[in-house]
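Here is entry-v5.pdb, consisting of PDB, C-alpha atoms and all ligand atoms:
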```pdb
ATOM      1  CA  MET A  25    -120.486  44.422  29.950  1.00  0.00           C
ATOM      2  CA  SER A  26    -122.804  45.615  32.688  1.00  0.00           C
ATOM      3  CA  ARG A  27    -124.093  49.177  32.850  1.00  0.00           C
ATOM      4  CA  PHE A  28    -121.769  49.798  35.759  1.00  0.00           C
ATOM      5  CA  GLY A  29    -118.795  48.751  33.640  1.00  0.00           C
ATOM      6  CA  GLN A  30    -119.366  51.616  31.234  1.00  0.00           C
ATOM      7  CA  HIS A  31    -118.901  54.511  33.585  1.00  0.00           C
ATOM      8  CA  ALA A  32    -117.582  57.840  32.380  1.00  0.00           C
ATOM      9  CA  GLU A  33    -113.847  57.231  32.799  1.00  0.00           C
ATOM     10  CA  LYS A  34    -113.791  54.338  30.312  1.00  0.00           C
ATOM     11  CA  HIS A  35    -110.928  52.336  31.776  1.00  0.00           C
ATOM     12  CA  LEU A  36    -108.875  50.665  29.096  1.00  0.00           C
ATOM     13  CA  VAL A  37    -106.701  48.299  31.096  1.00  0.00           C
ATOM     14  CA  GLY A  38    -109.095  45.355  30.700  1.00  0.00           C
ATOM     15  CA  ARG A  39    -108.748  45.488  26.935  1.00  0.00           C
ATOM     16  CA  ILE A  40    -104.979  45.708  26.881  1.00  0.00           C
ATOM     17  CA  GLY A  41    -104.126  42.010  27.225  1.00  0.00           C
ATOM     18  CA  TRP A  42    -105.892  40.542  24.213  1.00  0.00           C
ATOM     19  CA  MET A  43    -105.708  43.759  22.233  1.00  0.00           C
ATOM     20  CA  ARG A  44    -101.967  43.979  22.622  1.00  0.00           C
ATOM     21  CA  ALA A  45    -101.652  40.385  21.388  1.00  0.00           C
ATOM     22  CA  ALA A  46    -103.983  40.995  18.439  1.00  0.00           C
ATOM     23  CA  VAL A  47    -102.332  44.240  17.285  1.00  0.00           C
ATOM     24  CA  LEU A  48     -98.829  42.821  17.731  1.00  0.00           C
ATOM     25  CA  GLY A  49     -99.804  39.702  15.795  1.00  0.00           C
ATOM     26  CA  ALA A  50    -101.243  41.673  12.877  1.00  0.00           C
ATOM     27  CA  ASN A  51     -98.232  44.017  12.864  1.00  0.00           C
ATOM     28  CA  ASP A  52     -95.860  41.053  12.747  1.00  0.00           C
ATOM     29  CA  GLY A  53     -97.927  39.464  10.001  1.00  0.00           C
ATOM     30  CA  ILE A  54     -97.797  42.547   7.797  1.00  0.00           C
ATOM     31  CA  ILE A  55     -94.139  43.387   8.406  1.00  0.00           C
ATOM     32  CA  SER A  56     -92.669  39.905   8.080  1.00  0.00           C
ATOM     33  CA  THR A  57     -94.795  38.785   5.123  1.00  0.00           C
ATOM     34  CA  ALA A  58     -94.455  42.080   3.236  1.00  0.00           C
ATOM     35  CA  SER A  59     -90.689  42.039   3.818  1.00  0.00           C
ATOM     36  CA  LEU A  60     -90.474  38.448   2.625  1.00  0.00           C
ATOM     37  CA  ILE A  61     -92.513  39.252  -0.490  1.00  0.00           C
ATOM     38  CA  VAL A  62     -90.545  42.396  -1.305  1.00  0.00           C
ATOM     39  CA  GLY A  63     -87.230  40.569  -0.800  1.00  0.00           C
ATOM     40  CA  VAL A  64     -88.150  37.615  -3.001  1.00  0.00           C
ATOM     41  CA  ALA A  65     -89.705  39.883  -5.651  1.00  0.00           C
ATOM     42  CA  ALA A  66     -86.654  42.157  -5.690  1.00  0.00           C
ATOM     43  CA  ALA A  67     -84.521  39.108  -6.464  1.00  0.00           C
ATOM     44  CA  ALA A  68     -86.474  38.967  -9.735  1.00  0.00           C
ATOM     45  CA  ALA A  69     -88.594  35.934  -8.883  1.00  0.00           C
ATOM     46  CA  ASN A  70     -91.827  35.476 -10.850  1.00  0.00           C
ATOM     47  CA  GLN A  71     -95.209  36.250  -9.332  1.00  0.00           C
ATOM     48  CA  SER A  72     -96.177  32.663  -8.483  1.00  0.00           C
ATOM     49  CA  ALA A  73     -92.860  32.052  -6.698  1.00  0.00           C
ATOM     50  CA  VAL A  74     -93.415  35.253  -4.721  1.00  0.00           C
ATOM     51  CA  LEU A  75     -96.933  34.114  -3.826  1.00  0.00           C
ATOM     52  CA  ILE A  76     -95.716  30.689  -2.655  1.00  0.00           C
ATOM     53  CA  ALA A  77     -93.001  32.297  -0.529  1.00  0.00           C
ATOM     54  CA  GLY A  78     -95.599  34.639   0.965  1.00  0.00           C
ATOM     55  CA  ILE A  79     -98.033  31.834   1.797  1.00  0.00           C
ATOM     56  CA  ALA A  80     -95.247  29.776   3.379  1.00  0.00           C
ATOM     57  CA  GLY A  81     -94.304  32.865   5.359  1.00  0.00           C
ATOM     58  CA  LEU A  82     -97.874  33.268   6.580  1.00  0.00           C
ATOM     59  CA  VAL A  83     -98.143  29.670   7.789  1.00  0.00           C
ATOM     60  CA  ALA A  84     -94.668  29.605   9.340  1.00  0.00           C
ATOM     61  CA  GLY A  85     -95.203  32.924  11.075  1.00  0.00           C
ATOM     62  CA  ALA A  86     -98.652  32.039  12.414  1.00  0.00           C
ATOM     63  CA  MET A  87     -97.316  28.772  13.861  1.00  0.00           C
ATOM     64  CA  ALA A  88     -94.289  30.493  15.365  1.00  0.00           C
ATOM     65  CA  MET A  89     -96.522  33.113  16.973  1.00  0.00           C
ATOM     66  CA  ALA A  90     -98.894  30.461  18.350  1.00  0.00           C
ATOM     67  CA  ALA A  91     -96.059  28.346  19.738  1.00  0.00           C
ATOM     68  CA  GLY A  92     -94.229  31.303  21.257  1.00  0.00           C
ATOM     69  CA  GLU A  93     -97.339  32.747  22.838  1.00  0.00           C
ATOM     70  CA  TYR A  94     -98.484  29.345  24.131  1.00  0.00           C
ATOM     71  CA  VAL A  95     -95.150  28.624  25.792  1.00  0.00           C
ATOM     72  CA  SER A  96     -94.793  32.059  27.345  1.00  0.00           C
ATOM     73  CA  VAL A  97     -98.365  32.267  28.647  1.00  0.00           C
ATOM     74  CA  SER A  98     -98.249  28.638  29.862  1.00  0.00           C
ATOM     75  CA  SER A  99     -95.208  29.291  31.997  1.00  0.00           C
ATOM     76  CA  GLN A 100     -96.915  32.367  33.425  1.00  0.00           C
ATOM     77  CA  SER A 101     -99.969  30.229  34.084  1.00  0.00           C
ATOM     78  CA  ASP A 102     -97.832  27.534  35.776  1.00  0.00           C
ATOM     79  CA  THR A 103     -96.304  30.151  38.039  1.00  0.00           C
ATOM     80  CA  GLU A 104     -99.746  31.499  38.967  1.00  0.00           C
ATOM     81  CA  ARG A 105    -101.042  28.010  39.687  1.00  0.00           C
ATOM     82  CA  ALA A 106     -98.047  27.172  41.871  1.00  0.00           C
ATOM     83  CA  ASP A 107     -98.449  30.454  43.771  1.00  0.00           C
ATOM     84  CA  LEU A 108    -102.141  29.773  44.344  1.00  0.00           C
ATOM     85  CA  ALA A 109    -101.463  26.221  45.551  1.00  0.00           C
ATOM     86  CA  LEU A 110     -98.916  27.533  48.039  1.00  0.00           C
ATOM     87  CA  GLU A 111    -101.314  30.227  49.188  1.00  0.00           C
ATOM     88  CA  ARG A 112    -104.132  27.690  49.607  1.00  0.00           C
ATOM     89  CA  LYS A 113    -101.871  25.551  51.794  1.00  0.00           C
ATOM     90  CA  GLU A 114    -100.814  28.538  53.899  1.00  0.00           C
ATOM     91  CA  LEU A 115    -104.429  29.565  54.382  1.00  0.00           C
ATOM     92  CA  ARG A 116    -105.290  26.065  55.582  1.00  0.00           C
ATOM     93  CA  ASP A 117    -102.238  25.620  57.833  1.00  0.00           C
ATOM     94  CA  ASN A 118    -101.994  29.079  59.329  1.00  0.00           C
ATOM     95  CA  PRO A 119    -105.155  31.152  58.917  1.00  0.00           C
ATOM     96  CA  ALA A 120    -104.316  33.570  61.760  1.00  0.00           C
ATOM     97  CA  PHE A 121    -100.983  34.478  60.199  1.00  0.00           C
ATOM     98  CA  GLU A 122    -102.635  34.896  56.812  1.00  0.00           C
ATOM     99  CA  LEU A 123    -105.275  37.223  58.257  1.00  0.00           C
ATOM    100  CA  GLU A 124    -102.550  39.377  59.802  1.00  0.00           C
ATOM    101  CA  GLU A 125    -100.591  39.303  56.535  1.00  0.00           C
ATOM    102  CA  LEU A 126    -103.563  40.548  54.516  1.00  0.00           C
ATOM    103  CA  ALA A 127    -104.349  43.239  57.120  1.00  0.00           C
ATOM    104  CA  GLN A 128    -100.730  44.451  56.923  1.00  0.00           C
ATOM    105  CA  ILE A 129    -101.073  44.850  53.152  1.00  0.00           C
ATOM    106  CA  TYR A 130    -103.993  47.234  53.686  1.00  0.00           C
ATOM    107  CA  VAL A 131    -102.128  49.063  56.465  1.00  0.00           C
ATOM    108  CA  LYS A 132     -99.254  49.662  54.031  1.00  0.00           C
ATOM    109  CA  ARG A 133    -101.764  51.092  51.580  1.00  0.00           C
ATOM    110  CA  GLY A 134    -102.895  53.581  54.182  1.00  0.00           C
ATOM    111  CA  VAL A 135    -105.785  51.905  56.016  1.00  0.00           C
ATOM    112  CA  ASP A 136    -106.037  52.154  59.844  1.00  0.00           C
ATOM    113  CA  LYS A 137    -104.874  49.046  61.683  1.00  0.00           C
ATOM    114  CA  ALA A 138    -108.244  48.163  63.221  1.00  0.00           C
ATOM    115  CA  LEU A 139    -110.149  48.814  60.012  1.00  0.00           C
ATOM    116  CA  ALA A 140    -107.576  46.876  57.979  1.00  0.00           C
ATOM    117  CA  ARG A 141    -108.047  43.851  60.194  1.00  0.00           C
ATOM    118  CA  GLN A 142    -111.818  44.157  59.894  1.00  0.00           C
ATOM    119  CA  VAL A 143    -111.620  44.420  56.094  1.00  0.00           C
ATOM    120  CA  ALA A 144    -109.241  41.461  55.919  1.00  0.00           C
ATOM    121  CA  LYS A 145    -111.534  39.386  58.117  1.00  0.00           C
ATOM    122  CA  GLN A 146    -114.625  40.144  56.049  1.00  0.00           C
ATOM    123  CA  LEU A 147    -112.888  39.567  52.718  1.00  0.00           C
ATOM    124  CA  MET A 148    -111.465  36.281  53.953  1.00  0.00           C
ATOM    125  CA  ALA A 149    -114.849  35.162  55.233  1.00  0.00           C
ATOM    126  CA  LYS A 150    -116.238  35.584  51.732  1.00  0.00           C
ATOM    127  CA  ASN A 151    -113.299  34.293  49.675  1.00  0.00           C
ATOM    128  CA  ALA A 152    -109.975  33.921  51.449  1.00  0.00           C
ATOM    129  CA  LEU A 153    -108.000  32.630  48.488  1.00  0.00           C
ATOM    130  CA  GLY A 154    -109.477  35.250  46.173  1.00  0.00           C
ATOM    131  CA  ALA A 155    -108.545  38.070  48.545  1.00  0.00           C
ATOM    132  CA  HIS A 156    -104.980  36.820  48.962  1.00  0.00           C
ATOM    133  CA  ALA A 157    -104.584  36.107  45.244  1.00  0.00           C
ATOM    134  CA  ARG A 158    -105.651  39.649  44.351  1.00  0.00           C
ATOM    135  CA  ASP A 159    -104.031  41.732  47.066  1.00  0.00           C
ATOM    136  CA  GLU A 160    -100.969  39.657  47.947  1.00  0.00           C
ATOM    137  CA  LEU A 161    -100.054  37.973  44.659  1.00  0.00           C
ATOM    138  CA  GLY A 162    -101.594  40.429  42.202  1.00  0.00           C
ATOM    139  CA  ILE A 163    -103.506  37.702  40.370  1.00  0.00           C
ATOM    140  CA  SER A 164    -106.934  38.870  39.241  1.00  0.00           C
ATOM    141  CA  LYS A 165    -109.396  37.631  36.660  1.00  0.00           C
ATOM    142  CA  ILE A 166    -107.973  40.082  34.123  1.00  0.00           C
ATOM    143  CA  THR A 167    -104.410  38.883  34.439  1.00  0.00           C
ATOM    144  CA  THR A 168    -105.219  35.178  34.727  1.00  0.00           C
ATOM    145  CA  ALA A 169    -103.221  33.613  31.915  1.00  0.00           C
ATOM    146  CA  ARG A 170    -105.034  31.717  29.144  1.00  0.00           C
ATOM    147  CA  PRO A 171    -102.422  29.994  26.932  1.00  0.00           C
ATOM    148  CA  VAL A 172    -104.715  28.497  24.264  1.00  0.00           C
ATOM    149  CA  GLN A 173    -106.660  31.727  23.838  1.00  0.00           C
ATOM    150  CA  ALA A 174    -103.427  33.708  23.583  1.00  0.00           C
ATOM    151  CA  ALA A 175    -101.971  31.258  21.019  1.00  0.00           C
ATOM    152  CA  LEU A 176    -105.102  31.321  18.848  1.00  0.00           C
ATOM    153  CA  THR A 177    -105.400  35.110  19.038  1.00  0.00           C
ATOM    154  CA  SER A 178    -101.784  35.571  17.981  1.00  0.00           C
ATOM    155  CA  ALA A 179    -101.952  33.060  15.131  1.00  0.00           C
ATOM    156  CA  ALA A 180    -105.239  34.444  13.822  1.00  0.00           C
ATOM    157  CA  SER A 181    -104.173  38.075  13.979  1.00  0.00           C
ATOM    158  CA  PHE A 182    -100.809  37.267  12.373  1.00  0.00           C
ATOM    159  CA  SER A 183    -102.656  35.521   9.525  1.00  0.00           C
ATOM    160  CA  VAL A 184    -104.992  38.486   9.017  1.00  0.00           C
ATOM    161  CA  GLY A 185    -101.991  40.821   8.881  1.00  0.00           C
ATOM    162  CA  ALA A 186    -100.043  38.530   6.530  1.00  0.00           C
ATOM    163  CA  ALA A 187    -103.042  38.197   4.203  1.00  0.00           C
ATOM    164  CA  MET A 188    -102.904  41.923   3.383  1.00  0.00           C
ATOM    165  CA  PRO A 189     -99.545  41.984   1.514  1.00  0.00           C
ATOM    166  CA  LEU A 190    -100.388  38.559   0.013  1.00  0.00           C
ATOM    167  CA  LEU A 191    -103.554  40.039  -1.443  1.00  0.00           C
ATOM    168  CA  MET A 192    -101.481  42.798  -3.002  1.00  0.00           C
ATOM    169  CA  VAL A 193     -99.333  40.173  -4.763  1.00  0.00           C
ATOM    170  CA  VAL A 194    -102.468  38.734  -6.331  1.00  0.00           C
ATOM    171  CA  VAL A 195    -103.922  42.061  -7.492  1.00  0.00           C
ATOM    172  CA  SER A 196    -100.711  43.880  -8.528  1.00  0.00           C
ATOM    173  CA  PRO A 197     -99.367  43.761 -12.080  1.00  0.00           C
ATOM    174  CA  ALA A 198     -95.957  42.003 -12.060  1.00  0.00           C
ATOM    175  CA  TYR A 199     -93.932  45.136 -12.886  1.00  0.00           C
ATOM    176  CA  ALA A 200     -95.411  47.147 -10.003  1.00  0.00           C
ATOM    177  CA  LEU A 201     -95.396  44.385  -7.394  1.00  0.00           C
ATOM    178  CA  VAL A 202     -92.655  45.732  -5.123  1.00  0.00           C
ATOM    179  CA  PRO A 203     -93.869  49.358  -4.919  1.00  0.00           C
ATOM    180  CA  MET A 204     -97.497  48.259  -4.518  1.00  0.00           C
ATOM    181  CA  VAL A 205     -96.741  45.819  -1.699  1.00  0.00           C
ATOM    182  CA  PHE A 206     -94.483  48.410  -0.081  1.00  0.00           C
ATOM    183  CA  ALA A 207     -97.022  51.224  -0.258  1.00  0.00           C
ATOM    184  CA  ALA A 208    -100.067  49.160   0.704  1.00  0.00           C
ATOM    185  CA  SER A 209     -98.304  47.472   3.631  1.00  0.00           C
ATOM    186  CA  SER A 210     -97.099  50.817   4.955  1.00  0.00           C
ATOM    187  CA  GLY A 211    -100.686  52.046   4.709  1.00  0.00           C
ATOM    188  CA  PHE A 212    -102.055  48.989   6.543  1.00  0.00           C
ATOM    189  CA  LEU A 213     -99.427  49.388   9.268  1.00  0.00           C
ATOM    190  CA  ALA A 214    -100.288  53.053   9.716  1.00  0.00           C
ATOM    191  CA  LEU A 215    -103.991  52.237   9.917  1.00  0.00           C
ATOM    192  CA  LEU A 216    -103.396  49.457  12.420  1.00  0.00           C
ATOM    193  CA  GLY A 217    -101.104  51.672  14.496  1.00  0.00           C
ATOM    194  CA  ALA A 218    -103.812  54.331  14.603  1.00  0.00           C
ATOM    195  CA  ILE A 219    -106.526  51.836  15.572  1.00  0.00           C
ATOM    196  CA  GLY A 220    -104.318  50.276  18.237  1.00  0.00           C
ATOM    197  CA  ALA A 221    -103.415  53.655  19.703  1.00  0.00           C
ATOM    198  CA  ARG A 222    -107.042  54.781  19.677  1.00  0.00           C
ATOM    199  CA  THR A 223    -108.321  51.637  21.402  1.00  0.00           C
ATOM    200  CA  GLY A 224    -105.492  51.737  23.934  1.00  0.00           C
ATOM    201  CA  GLY A 225    -105.908  55.475  24.564  1.00  0.00           C
ATOM    202  CA  ALA A 226    -102.339  56.280  23.416  1.00  0.00           C
ATOM    203  CA  ASP A 227    -101.061  59.114  21.200  1.00  0.00           C
ATOM    204  CA  ILE A 228    -102.246  58.274  17.674  1.00  0.00           C
ATOM    205  CA  LEU A 229     -99.660  60.128  15.583  1.00  0.00           C
ATOM    206  CA  ARG A 230     -96.686  58.848  17.553  1.00  0.00           C
ATOM    207  CA  ALA A 231     -97.897  55.212  17.441  1.00  0.00           C
ATOM    208  CA  THR A 232     -98.600  55.434  13.720  1.00  0.00           C
ATOM    209  CA  VAL A 233     -95.228  56.930  12.812  1.00  0.00           C
ATOM    210  CA  ARG A 234     -93.406  54.413  14.995  1.00  0.00           C
ATOM    211  CA  VAL A 235     -94.939  51.278  13.479  1.00  0.00           C
ATOM    212  CA  THR A 236     -94.791  52.582   9.896  1.00  0.00           C
ATOM    213  CA  PHE A 237     -91.117  53.482  10.278  1.00  0.00           C
ATOM    214  CA  TRP A 238     -90.162  49.982  11.463  1.00  0.00           C
ATOM    215  CA  GLY A 239     -92.231  48.351   8.742  1.00  0.00           C
ATOM    216  CA  ALA A 240     -90.684  50.482   6.004  1.00  0.00           C
ATOM    217  CA  LEU A 241     -87.207  49.811   7.385  1.00  0.00           C
ATOM    218  CA  ALA A 242     -87.786  46.035   7.362  1.00  0.00           C
ATOM    219  CA  MET A 243     -89.115  46.074   3.789  1.00  0.00           C
ATOM    220  CA  ALA A 244     -86.280  48.311   2.546  1.00  0.00           C
ATOM    221  CA  LEU A 245     -83.743  46.001   4.149  1.00  0.00           C
ATOM    222  CA  THR A 246     -85.107  42.783   2.612  1.00  0.00           C
ATOM    223  CA  ALA A 247     -85.621  44.504  -0.745  1.00  0.00           C
ATOM    224  CA  GLY A 248     -81.953  45.567  -0.697  1.00  0.00           C
ATOM    225  CA  ILE A 249     -80.812  42.064   0.223  1.00  0.00           C
ATOM    226  CA  GLY A 250     -83.093  40.506  -2.413  1.00  0.00           C
ATOM    227  CA  LYS A 251     -81.747  42.879  -5.052  1.00  0.00           C
ATOM    228  CA  LEU A 252     -78.159  42.135  -4.039  1.00  0.00           C
ATOM    229  CA  PHE A 253     -78.504  38.352  -4.110  1.00  0.00           C
ATOM    230  CA  GLY A 254     -80.778  38.449  -7.148  1.00  0.00           C
ATOM    231  CA  THR A 255     -78.025  40.037  -9.238  1.00  0.00           C
ATOM    232  CA  VAL A 256     -75.182  37.963  -7.763  1.00  0.00           C
ATOM    233  CA  ILE A 257     -76.782  34.551  -8.216  1.00  0.00           C
TER     234      ILE A 257
HETATM  235 ZN    ZN B 301    -101.397  35.043  52.007  1.00  0.00          ZN
END
```
Represent the structure of the file as structure tokens.
Amino acid sequence: MSRFGQHAEKHLVGRIGWMRAAVLGANDGIISTASLIVGVAAAAANQSAVLIAGIAGLVAGAMAMAAGEYVSVSSQSDTERADLALERKELRDNPAFELEELAQIYVKRGVDKALARQVAKQLMAKNALGAHARDELGISKITTARPVQAALTSAASFSVGAAMPLLMVVVSPAYALVPMVFAASSGFLALLGAIGARTGGADILRATVRVTFWGALAMALTAGIGKLFGTVI
């Protein structure tokens, strides 16, 4: 980042895209893997069966996250590309109309008509497509979709999250497995919620309580179901 990027206001919007994906991925990894582990363990499975279920959960979840993120970001990227192609064609076929269109956008934002036209003309002389992409379509460098990067980020962060409850299975004594996984995962979720809120500039306590509540609910639910089926079968 340049020195000018680090001015006093510390804008956070640039970080939100990848950070959101990373925090969501790790959250999902902890919640789904911990719930899976707690459910299988509550059904009175032995430690190695619990570990295998947890590892399978990690791999399945990471792949699902990667696939989901890839598909969703790709379709966004396709839409952006199609919009840009259309815009490029319009700029080539009807530059006068496009100049007026861009000027009108600035007029609507409060710029004088003559000045707006001058600004539009100068911006278009430098980079016509860039100016239209940003101010007409809302496509900037920050929002430009990167499917592979998004897929890898999600899969990696899910795996990191999922590894935490899995580690607890390895280090816990068999009799204390469920409470240890439950407590440690809740702690990890709270920590992650706090970090995410801090990086994103949101309220720390509220974010922490929110994510910990949902995680605890998910684990309690699968533990109950595991217990139920464990005794029935
Ligand atoms: Zn245009």
Report as a compact mmCIF listing (two decimals) with C-alpha atoms, in the coordinates of the input the residues that result from applying the PyMOL selection byres (((not hetatm)) within 8 of (chain B and resi 301)) to the structure here.
```txt
# COMPACT_ATOMS: atom_id res chain seq x y z
CA GLU A 111 -101.31 30.23 49.19
CA GLU A 114 -100.81 28.54 53.90
CA LEU A 115 -104.43 29.56 54.38
CA GLU A 122 -102.64 34.90 56.81
CA LEU A 123 -105.28 37.22 58.26
CA GLU A 125 -100.59 39.30 56.54
CA LEU A 126 -103.56 40.55 54.52
CA LEU A 153 -108.00 32.63 48.49
CA HIS A 156 -104.98 36.82 48.96
CA ALA A 157 -104.58 36.11 45.24
CA GLU A 160 -100.97 39.66 47.95
```
task: Just the residues within 7 Å of segment 80-94 of chain A, please, counting all atoms listed in the file, with nothing from its chain fewer than 2 positions along; format it as a list in words.
output: Thr57, Ile76, Ala77, Gly78, Ser96, Val97, Ser98, Pro171, Val172, Ala174, Ala175, Leu176, Ser178, Ala179, Phe182, Ser183 and Ala186 of chain A
- request: May I have the protein, DNA and RNA residues with any atom at most 12 Å from the point (-104.0, 49.3, 13.5), counting all atoms listed in the file, written as number ranges by chain?
  value: A: 43-44, 46-52, 54, 181, 184-185, 209-224, 228-229, 231-236
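Closest approach to Gly154 of chain A among A:Ala226, A:Gly239, A:Ala66, A:Arg112: A:Arg112, based on all atoms listed in the file.
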Non-local contacts of Val194 of chain A (8 Å; all atoms listed in the file; under 3 positions in same chain excluded) as a ChimeraX atom specification: /A:75,190-191
message: Calculated over only C-alpha atoms, which of the candidates A:Leu161, A:Ala169, A:Ala198, A:Ala244 has the smallest distance to Asp107 of chain A?
response: A:Leu161
field: For Met188 of chain A, the nearest of the candidates A:Ala207, A:Ala106, A:Glu124, A:Ala65, counting all atoms listed in the file
entry: A:Ala207
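For the pair atom CA of Ala58 of chain A and atom CA of Ala187 of chain A, the interatomic distance is 9.5 Å.
Between atom CA of Ala45 of chain A and atom CA of Phe206 of chain A there is a distance of 24.0 Å.
We find atom CA of Val62 of chain A and atom CA of Ala247 of chain A to be spaced 5.4 Å apart.
Shortest separation to Lys145 of chain A among A:Gln71, A:Gln128, A:Gln100, A:Ser164 occurs at residue A:Gln128, atoms counted being only C-alpha atoms.
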Work out where the centre of an axis-aligned box around every listed atom of segment 236-242 of chain A lies and how long its edges are once 4 Å is added on each side; give both in Å to one decimal as lines of an AutoDock Vina configuration file.
```
center_x = -91.0
center_y = 49.8
center_z = 8.7
size_x = 15.6
size_y = 15.4
size_z = 13.5
```
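Among A:Asp102, A:Val95, A:Lys150, A:Ile55, the residue with the shortest atom-to-atom distance to Thr168 of chain A, counting all atoms listed in the file, is A:Asp102.
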Filled-in N, CA and C atoms of segment 144-160 of chain A, supplied as an mmCIF file, in the frame of the given file:
```cif
data_model
loop_
_atom_site.group_PDB
_atom_site.id
_atom_site.type_symbol
_atom_site.label_atom_id
_atom_site.label_comp_id
_atom_site.auth_asym_id
_atom_site.auth_seq_id
_atom_site.Cartn_x
_atom_site.Cartn_y
_atom_site.Cartn_z
ATOM 1 N N ALA A 144 -109.874 42.745 56.227
ATOM 2 C CA ALA A 144 -109.241 41.461 55.919
ATOM 3 C C ALA A 144 -110.127 40.308 56.370
ATOM 4 N N LYS A 145 -110.691 40.452 57.563
ATOM 5 C CA LYS A 145 -111.534 39.386 58.117
ATOM 6 C C LYS A 145 -112.770 39.163 57.251
ATOM 7 N N GLN A 146 -113.400 40.271 56.857
ATOM 8 C CA GLN A 146 -114.625 40.144 56.049
ATOM 9 C C GLN A 146 -114.326 39.598 54.658
ATOM 10 N N LEU A 147 -113.247 40.071 54.054
ATOM 11 C CA LEU A 147 -112.888 39.567 52.718
ATOM 12 C C LEU A 147 -112.557 38.082 52.771
ATOM 13 N N MET A 148 -111.854 37.678 53.843
ATOM 14 C CA MET A 148 -111.465 36.281 53.953
ATOM 15 C C MET A 148 -112.650 35.387 54.279
ATOM 16 N N ALA A 149 -113.645 35.945 54.955
ATOM 17 C CA ALA A 149 -114.849 35.162 55.233
ATOM 18 C C ALA A 149 -115.584 34.849 53.932
ATOM 19 N N LYS A 150 -115.550 35.789 53.002
ATOM 20 C CA LYS A 150 -116.238 35.584 51.732
ATOM 21 C C LYS A 150 -115.425 34.696 50.798
ATOM 22 N N ASN A 151 -114.149 35.072 50.580
ATOM 23 C CA ASN A 151 -113.299 34.293 49.675
ATOM 24 C C ASN A 151 -111.842 34.544 50.030
ATOM 25 N N ALA A 152 -111.322 33.695 50.925
ATOM 26 C CA ALA A 152 -109.975 33.921 51.449
ATOM 27 C C ALA A 152 -108.927 33.847 50.350
ATOM 28 N N LEU A 153 -109.009 32.799 49.537
ATOM 29 C CA LEU A 153 -108.000 32.630 48.488
ATOM 30 C C LEU A 153 -108.071 33.769 47.476
ATOM 31 N N GLY A 154 -109.296 34.153 47.129
ATOM 32 C CA GLY A 154 -109.477 35.250 46.173
ATOM 33 C C GLY A 154 -108.857 36.546 46.682
ATOM 34 N N ALA A 155 -109.081 36.838 47.966
ATOM 35 C CA ALA A 155 -108.545 38.070 48.545
ATOM 36 C C ALA A 155 -107.023 38.051 48.557
ATOM 37 N N HIS A 156 -106.446 36.914 48.935
ATOM 38 C CA HIS A 156 -104.980 36.820 48.962
ATOM 39 C C HIS A 156 -104.387 36.822 47.552
ATOM 40 N N ALA A 157 -105.070 36.139 46.630
ATOM 41 C CA ALA A 157 -104.584 36.107 45.244
ATOM 42 C C ALA A 157 -104.508 37.529 44.699
ATOM 43 N N ARG A 158 -105.563 38.296 44.921
ATOM 44 C CA ARG A 158 -105.651 39.649 44.351
ATOM 45 C C ARG A 158 -104.690 40.616 45.040
ATOM 46 N N ASP A 159 -104.751 40.669 46.370
ATOM 47 C CA ASP A 159 -104.031 41.732 47.066
ATOM 48 C C ASP A 159 -102.617 41.355 47.464
ATOM 49 N N GLU A 160 -102.330 40.054 47.571
ATOM 50 C CA GLU A 160 -100.969 39.657 47.947
ATOM 51 C C GLU A 160 -100.168 39.264 46.709
#
```
